[in-house]
Amino acid sequence: MRNVARLKMGYYPLPNAEGVKLRSLLSFAGRASVIDPCIGQGTALQLVTSDAQVRRYGVELDAERARIASANGIETIQGNAFDAIARLESFSLLYLNPPYDSEIGSIANRRMEAVFLEHTYRWLAMEGVLILVIPFERLHDCAGILASHFTQLAVLRMTDDESVKYRQIAVLGQRRDVRGAAVENNKRQLLSVGLYGSFLGLAELQPGACLPYSVPSSAEAELSYRGIPYDLLEDLLPQSGAWKQAAPLLMPHEDVATGRPITPLHGGHVGLLCTAGLLNGVFGQGSDRHIARWRSVKHVTTFVEQDGDTEIIHHRERWANELYLVYADGRTLKLTETPAKKEGEADGECTPAARAA
């Protein structure tokens, strides 16, 4: 997963239109407990269980999204799904849209889609229904678990623009104890779709795409957490002795120079301090009070030299300093070593006469 995706912790929420389609493929026999181990803000689980008598549970790593899910009436644990504990076979519906990423370790860096499925499918009761939302290319990673523990498997292609962007599919199945030839038949079915088939060749996810899945009733479930309370640790960390020793090495800091010099500064001293950023700050009195900020800017000068029929383009780089001032009365000023160029004016110079000759 790219760095941008890691910053959002692999959060790719289900489009609302796809949630409505998934709901049309489910029928609820009675009051049931349902769970989403990657709950996000809880929108997807609410869509696929709308108008049903269910108790909703979820786990979410991000504190703000967990807070929103809890506010939406979902019993949510904020933390790592792998540290969440639930009684085996206690949920009637498992909705799983895991992070699209790989493990990071010294060996056996498996796809997270398969790791999440392996960890959570045991929470699903026999005859319970699985909804797995993953990229099409990851179907073969999950094929082993799906073939051994689920029947009536349906693989459907999502058609919303966001879903097509990530080539998302929905895999639906009913949990049962699969043995013998049935396992091999399931594997052949999934491999023919995931390895030898194509994304566009799949049936579209839409009402009536397959026979409805009956979600059985179940009692109230219990979901607990045995992991580290991340938010509490984050609040306590700055007060710890270890952090005070490590922070100067790990955290960036600005050099600040205070006090008066022993002798008056000449022009060279002032120039060095300015370009080093050590004369930034608040200066002046009254209406002349202002904030000063120096910065270095690279300028590129381009000129063309003719050598017979050959045109040689030269680029010359140089550094200059600029000073920005913001006054207390709202005035702003930028000081540079050269006048500001007019709009559309290029940064260039003529070819020296000796070279042109």
# chains A, B, ... in the order shown; residues from 1 in each chain; ligands from 1
>>> select_by_dssp(residues="segment 271-333 of chain A", states="alpha helix (DSSP H)", output="number ranges by chain")
A: 271-275
>>> write_last_selection(atoms="C-alpha atoms", output="compact mmCIF listing (two decimals), in the first residue's frame")
# COMPACT_ATOMS: atom_id res chain seq x y z
CA GLY A 271 23.84 38.65 6.16
CA LEU A 272 24.94 35.31 7.61
CA LEU A 273 22.37 35.48 10.41
CA CYS A 274 19.60 36.40 7.98
CA THR A 275 20.33 33.58 5.54
>>> residues_around(residues="segment 124-127 of chain A", least_positions_apart="5", cutoff="7 Å", atoms="only C-alpha atoms", output="JSON, numbers by chain")
{"A": [89, 90, 91, 92, 93, 94, 174, 175, 176, 216]}
>>> write_last_selection(atoms="all heavy atoms", output="compact mmCIF listing (two decimals), in the first residue's frame")
# COMPACT_ATOMS: atom_id res chain seq x y z
N GLU A 89 -18.43 -18.33 17.03
CA GLU A 89 -19.76 -18.59 16.47
C GLU A 89 -20.86 -17.81 17.19
O GLU A 89 -21.92 -18.35 17.48
CB GLU A 89 -20.06 -20.10 16.50
CG GLU A 89 -19.03 -20.93 15.76
CD GLU A 89 -19.35 -22.41 15.77
OE1 GLU A 89 -20.44 -22.78 16.25
OE2 GLU A 89 -18.51 -23.21 15.32
N SER A 90 -20.59 -16.52 17.43
CA SER A 90 -21.57 -15.72 18.17
C SER A 90 -22.25 -14.65 17.31
O SER A 90 -23.18 -14.00 17.79
CB SER A 90 -20.90 -15.04 19.36
OG SER A 90 -19.78 -14.27 18.94
N PHE A 91 -21.85 -14.50 16.04
CA PHE A 91 -22.46 -13.49 15.18
C PHE A 91 -23.13 -14.15 13.98
O PHE A 91 -22.65 -15.15 13.45
CB PHE A 91 -21.40 -12.49 14.69
CG PHE A 91 -20.81 -11.67 15.79
CD1 PHE A 91 -19.60 -12.03 16.39
CD2 PHE A 91 -21.45 -10.53 16.26
CE1 PHE A 91 -19.04 -11.27 17.39
CE2 PHE A 91 -20.90 -9.76 17.27
CZ PHE A 91 -19.70 -10.13 17.85
N SER A 92 -24.21 -13.55 13.55
CA SER A 92 -24.96 -14.09 12.41
C SER A 92 -24.49 -13.53 11.08
O SER A 92 -24.69 -14.16 10.04
CB SER A 92 -26.45 -13.76 12.57
OG SER A 92 -26.97 -14.35 13.74
N LEU A 93 -23.89 -12.34 11.10
CA LEU A 93 -23.42 -11.71 9.87
C LEU A 93 -22.05 -11.08 10.13
O LEU A 93 -21.87 -10.36 11.11
CB LEU A 93 -24.40 -10.63 9.39
CG LEU A 93 -23.95 -9.78 8.19
CD1 LEU A 93 -23.93 -10.63 6.92
CD2 LEU A 93 -24.84 -8.56 8.00
N LEU A 94 -21.11 -11.36 9.24
CA LEU A 94 -19.78 -10.77 9.29
C LEU A 94 -19.59 -9.95 8.02
O LEU A 94 -19.52 -10.50 6.92
CB LEU A 94 -18.70 -11.85 9.40
CG LEU A 94 -17.25 -11.40 9.20
CD1 LEU A 94 -16.84 -10.39 10.28
CD2 LEU A 94 -16.30 -12.59 9.21
N GLN A 174 -22.09 -18.66 2.90
CA GLN A 174 -22.72 -19.11 4.14
C GLN A 174 -21.79 -20.09 4.83
O GLN A 174 -21.27 -21.01 4.21
CB GLN A 174 -24.06 -19.79 3.82
CG GLN A 174 -24.99 -19.86 5.00
CD GLN A 174 -26.44 -20.05 4.56
OE1 GLN A 174 -26.70 -20.65 3.53
NE2 GLN A 174 -27.38 -19.54 5.33
N ARG A 175 -21.54 -19.86 6.12
CA ARG A 175 -20.57 -20.68 6.81
C ARG A 175 -21.13 -22.07 7.10
O ARG A 175 -22.22 -22.21 7.67
CB ARG A 175 -20.13 -20.03 8.13
CG ARG A 175 -18.96 -20.82 8.72
CD ARG A 175 -18.46 -20.32 10.03
NE ARG A 175 -17.40 -21.21 10.48
CZ ARG A 175 -16.92 -21.25 11.70
NH1 ARG A 175 -17.38 -20.42 12.63
NH2 ARG A 175 -15.98 -22.10 12.03
N ARG A 176 -20.36 -23.06 6.71
CA ARG A 176 -20.69 -24.46 6.99
C ARG A 176 -19.39 -25.24 7.11
O ARG A 176 -18.32 -24.76 6.73
CB ARG A 176 -21.55 -25.06 5.87
CG ARG A 176 -22.99 -24.55 5.87
CD ARG A 176 -23.80 -25.18 4.79
NE ARG A 176 -25.16 -24.63 4.73
CZ ARG A 176 -25.99 -24.82 3.74
NH1 ARG A 176 -25.62 -25.55 2.69
NH2 ARG A 176 -27.20 -24.29 3.76
N PRO A 216 -29.34 -16.03 9.96
CA PRO A 216 -30.04 -16.64 11.10
C PRO A 216 -30.08 -15.70 12.30
O PRO A 216 -29.30 -14.75 12.40
CB PRO A 216 -29.21 -17.89 11.39
CG PRO A 216 -27.82 -17.53 10.93
CD PRO A 216 -28.01 -16.64 9.73
>>> residues_around(residues="Asp141 of chain A", least_positions_apart="6", cutoff="9 Å", atoms="only C-alpha atoms", output="short mmCIF file (atom, residue, chain, number, x, y, z; two decimals) with N, CA and C atoms, in the first residue's frame")
data_model
loop_
_atom_site.label_atom_id
_atom_site.label_comp_id
_atom_site.auth_asym_id
_atom_site.auth_seq_id
_atom_site.Cartn_x
_atom_site.Cartn_y
_atom_site.Cartn_z
N ARG A 110 2.06 -11.88 4.49
CA ARG A 110 0.81 -12.23 3.81
C ARG A 110 -0.03 -10.99 3.59
N ARG A 111 -1.00 -11.10 2.68
CA ARG A 111 -1.94 -10.03 2.44
C ARG A 111 -2.88 -9.89 3.63
N GLU A 113 -5.93 -8.91 3.65
CA GLU A 113 -7.28 -9.42 3.39
C GLU A 113 -7.44 -10.84 3.91
N ALA A 114 -6.43 -11.69 3.62
CA ALA A 114 -6.49 -13.07 4.09
C ALA A 114 -6.28 -13.16 5.60
#
>>> select_by_dssp(residues="segment 168-228 of chain A", states="strand (DSSP E or B)", output="list in words")
Gln168, Ile169, Ala170, Val171, Leu172, Gly173, Gln174, Arg175, Ala203, Glu204, Tyr213, Ser214, Val215, Leu223, Ser224 and Tyr225 of chain A
>>> residues_around(residues="segment 68-73 of chain A", least_positions_apart="3", cutoff="9 Å", atoms="only C-alpha atoms", output="list in words")
Ile39, Gly40, Gln41, Gly42, Thr43, Gln46, Arg56, Gly58, Glu60, Ala63, Glu64, Arg65, Thr76 and Ile77 of chain A
>>> residues_around(residues="Val59 of chain A", least_positions_apart="6", cutoff="10 Å", atoms="only C-alpha atoms", output="list in words")
Ile35, Asp36, Pro37, Cys38, Ile39, Gly40, Gly42, Ala66, Ala69, Ile74, Glu75, Thr76, Ile77, Gln78, Gly79, Asn80, Ala81, Phe82, Asp83, Ala84, Leu223, Ser224 and Tyr225 of chain A
>>> residues_around(residues="Ala170 of chain A", least_positions_apart="4", cutoff="7 Å", atoms="only C-alpha atoms", output="PyMOL selection string")
chain A and resi 131-134+155-157
>>> atom_distance(atom1="atom CA of Asp329 of chain A", atom2="atom CA of Phe283 of chain A")
13.7 Å
>>> atom_distance(atom1="atom CA of Leu22 of chain A", atom2="atom CA of Arg138 of chain A")
19.9 Å
>>> closest_residue(among="A:Thr159, A:Gln306, A:Ser218, A:Thr336", to="Ala32 of chain A", atoms="only C-alpha atoms")
A:Ser218
>>> closest_residue(among="A:Ser24, A:Ser214, A:Thr332, A:Thr120", to="Asp288 of chain A", atoms="only C-alpha atoms")
A:Thr332
>>> residues_around(residues="Leu172 of chain A", least_positions_apart="3", cutoff="6 Å", atoms="only C-alpha atoms", output="list in words")
Leu130, Ile131, Leu153 and Ala154 of chain A
>>> atom_distance(atom1="atom CA of Arg31 of chain A", atom2="atom CA of Ser50 of chain A")
12.6 Å
>>> decode(residues="segment 229-290 of chain A", atoms="C-alpha atoms", output="PDB file, in the first residue's frame")
ATOM      1  CA  PRO A 229      -5.106   1.656  24.935  1.00  0.00           C
ATOM      2  CA  TYR A 230      -3.452   3.746  22.212  1.00  0.00           C
ATOM      3  CA  ASP A 231      -5.094   7.083  23.051  1.00  0.00           C
ATOM      4  CA  LEU A 232      -4.203   6.811  26.746  1.00  0.00           C
ATOM      5  CA  LEU A 233      -0.584   5.994  25.911  1.00  0.00           C
ATOM      6  CA  GLU A 234      -0.418   8.929  23.515  1.00  0.00           C
ATOM      7  CA  ASP A 235      -1.590  11.273  26.271  1.00  0.00           C
ATOM      8  CA  LEU A 236       0.848   9.881  28.861  1.00  0.00           C
ATOM      9  CA  LEU A 237       3.873   9.552  26.594  1.00  0.00           C
ATOM     10  CA  PRO A 238       5.070  13.211  26.745  1.00  0.00           C
ATOM     11  CA  GLN A 239       5.300  12.970  30.556  1.00  0.00           C
ATOM     12  CA  SER A 240       7.467   9.839  30.579  1.00  0.00           C
ATOM     13  CA  GLY A 241      11.189   9.941  31.330  1.00  0.00           C
ATOM     14  CA  ALA A 242      12.036   7.802  28.319  1.00  0.00           C
ATOM     15  CA  TRP A 243      10.282  10.211  25.963  1.00  0.00           C
ATOM     16  CA  LYS A 244      12.168  13.209  27.356  1.00  0.00           C
ATOM     17  CA  GLN A 245      15.439  11.448  26.551  1.00  0.00           C
ATOM     18  CA  ALA A 246      14.367  10.314  23.079  1.00  0.00           C
ATOM     19  CA  ALA A 247      12.513  13.453  21.925  1.00  0.00           C
ATOM     20  CA  PRO A 248      15.642  15.583  21.252  1.00  0.00           C
ATOM     21  CA  LEU A 249      16.915  12.855  18.911  1.00  0.00           C
ATOM     22  CA  LEU A 250      13.617  12.056  17.172  1.00  0.00           C
ATOM     23  CA  MET A 251      11.709  15.332  16.971  1.00  0.00           C
ATOM     24  CA  PRO A 252      12.734  18.316  14.799  1.00  0.00           C
ATOM     25  CA  HIS A 253      13.441  21.586  16.546  1.00  0.00           C
ATOM     26  CA  GLU A 254      14.376  25.127  15.562  1.00  0.00           C
ATOM     27  CA  ASP A 255      17.542  26.851  16.690  1.00  0.00           C
ATOM     28  CA  VAL A 256      16.686  30.047  18.512  1.00  0.00           C
ATOM     29  CA  ALA A 257      19.310  32.707  19.262  1.00  0.00           C
ATOM     30  CA  THR A 258      18.506  35.252  21.999  1.00  0.00           C
ATOM     31  CA  GLY A 259      20.338  38.093  23.724  1.00  0.00           C
ATOM     32  CA  ARG A 260      22.534  40.949  22.492  1.00  0.00           C
ATOM     33  CA  PRO A 261      25.856  40.389  20.716  1.00  0.00           C
ATOM     34  CA  ILE A 262      29.075  41.329  22.529  1.00  0.00           C
ATOM     35  CA  THR A 263      30.133  43.706  19.753  1.00  0.00           C
ATOM     36  CA  PRO A 264      28.051  45.476  17.053  1.00  0.00           C
ATOM     37  CA  LEU A 265      27.377  43.367  13.979  1.00  0.00           C
ATOM     38  CA  HIS A 266      28.767  44.435  10.627  1.00  0.00           C
ATOM     39  CA  GLY A 267      27.069  43.768   7.298  1.00  0.00           C
ATOM     40  CA  GLY A 268      28.590  40.327   6.832  1.00  0.00           C
ATOM     41  CA  HIS A 269      27.389  39.153  10.247  1.00  0.00           C
ATOM     42  CA  VAL A 270      23.864  40.365   9.544  1.00  0.00           C
ATOM     43  CA  GLY A 271      23.839  38.651   6.162  1.00  0.00           C
ATOM     44  CA  LEU A 272      24.936  35.309   7.613  1.00  0.00           C
ATOM     45  CA  LEU A 273      22.369  35.480  10.407  1.00  0.00           C
ATOM     46  CA  CYS A 274      19.604  36.397   7.983  1.00  0.00           C
ATOM     47  CA  THR A 275      20.326  33.583   5.538  1.00  0.00           C
ATOM     48  CA  ALA A 276      20.586  31.125   8.438  1.00  0.00           C
ATOM     49  CA  GLY A 277      17.080  32.116   9.559  1.00  0.00           C
ATOM     50  CA  LEU A 278      18.279  33.411  12.924  1.00  0.00           C
ATOM     51  CA  LEU A 279      16.853  36.910  12.489  1.00  0.00           C
ATOM     52  CA  ASN A 280      13.264  35.746  12.124  1.00  0.00           C
ATOM     53  CA  GLY A 281      10.895  37.113  14.726  1.00  0.00           C
ATOM     54  CA  VAL A 282       8.970  40.163  15.936  1.00  0.00           C
ATOM     55  CA  PHE A 283      10.589  43.605  15.697  1.00  0.00           C
ATOM     56  CA  GLY A 284       9.693  47.288  15.941  1.00  0.00           C
ATOM     57  CA  GLN A 285       7.296  49.396  18.007  1.00  0.00           C
ATOM     58  CA  GLY A 286       3.852  50.850  17.458  1.00  0.00           C
ATOM     59  CA  SER A 287       2.645  50.907  13.849  1.00  0.00           C
ATOM     60  CA  ASP A 288       6.050  49.675  12.700  1.00  0.00           C
ATOM     61  CA  ARG A 289       5.845  46.463  14.759  1.00  0.00           C
ATOM     62  CA  HIS A 290       6.162  43.546  12.372  1.00  0.00           C
TER      63      HIS A 290
END
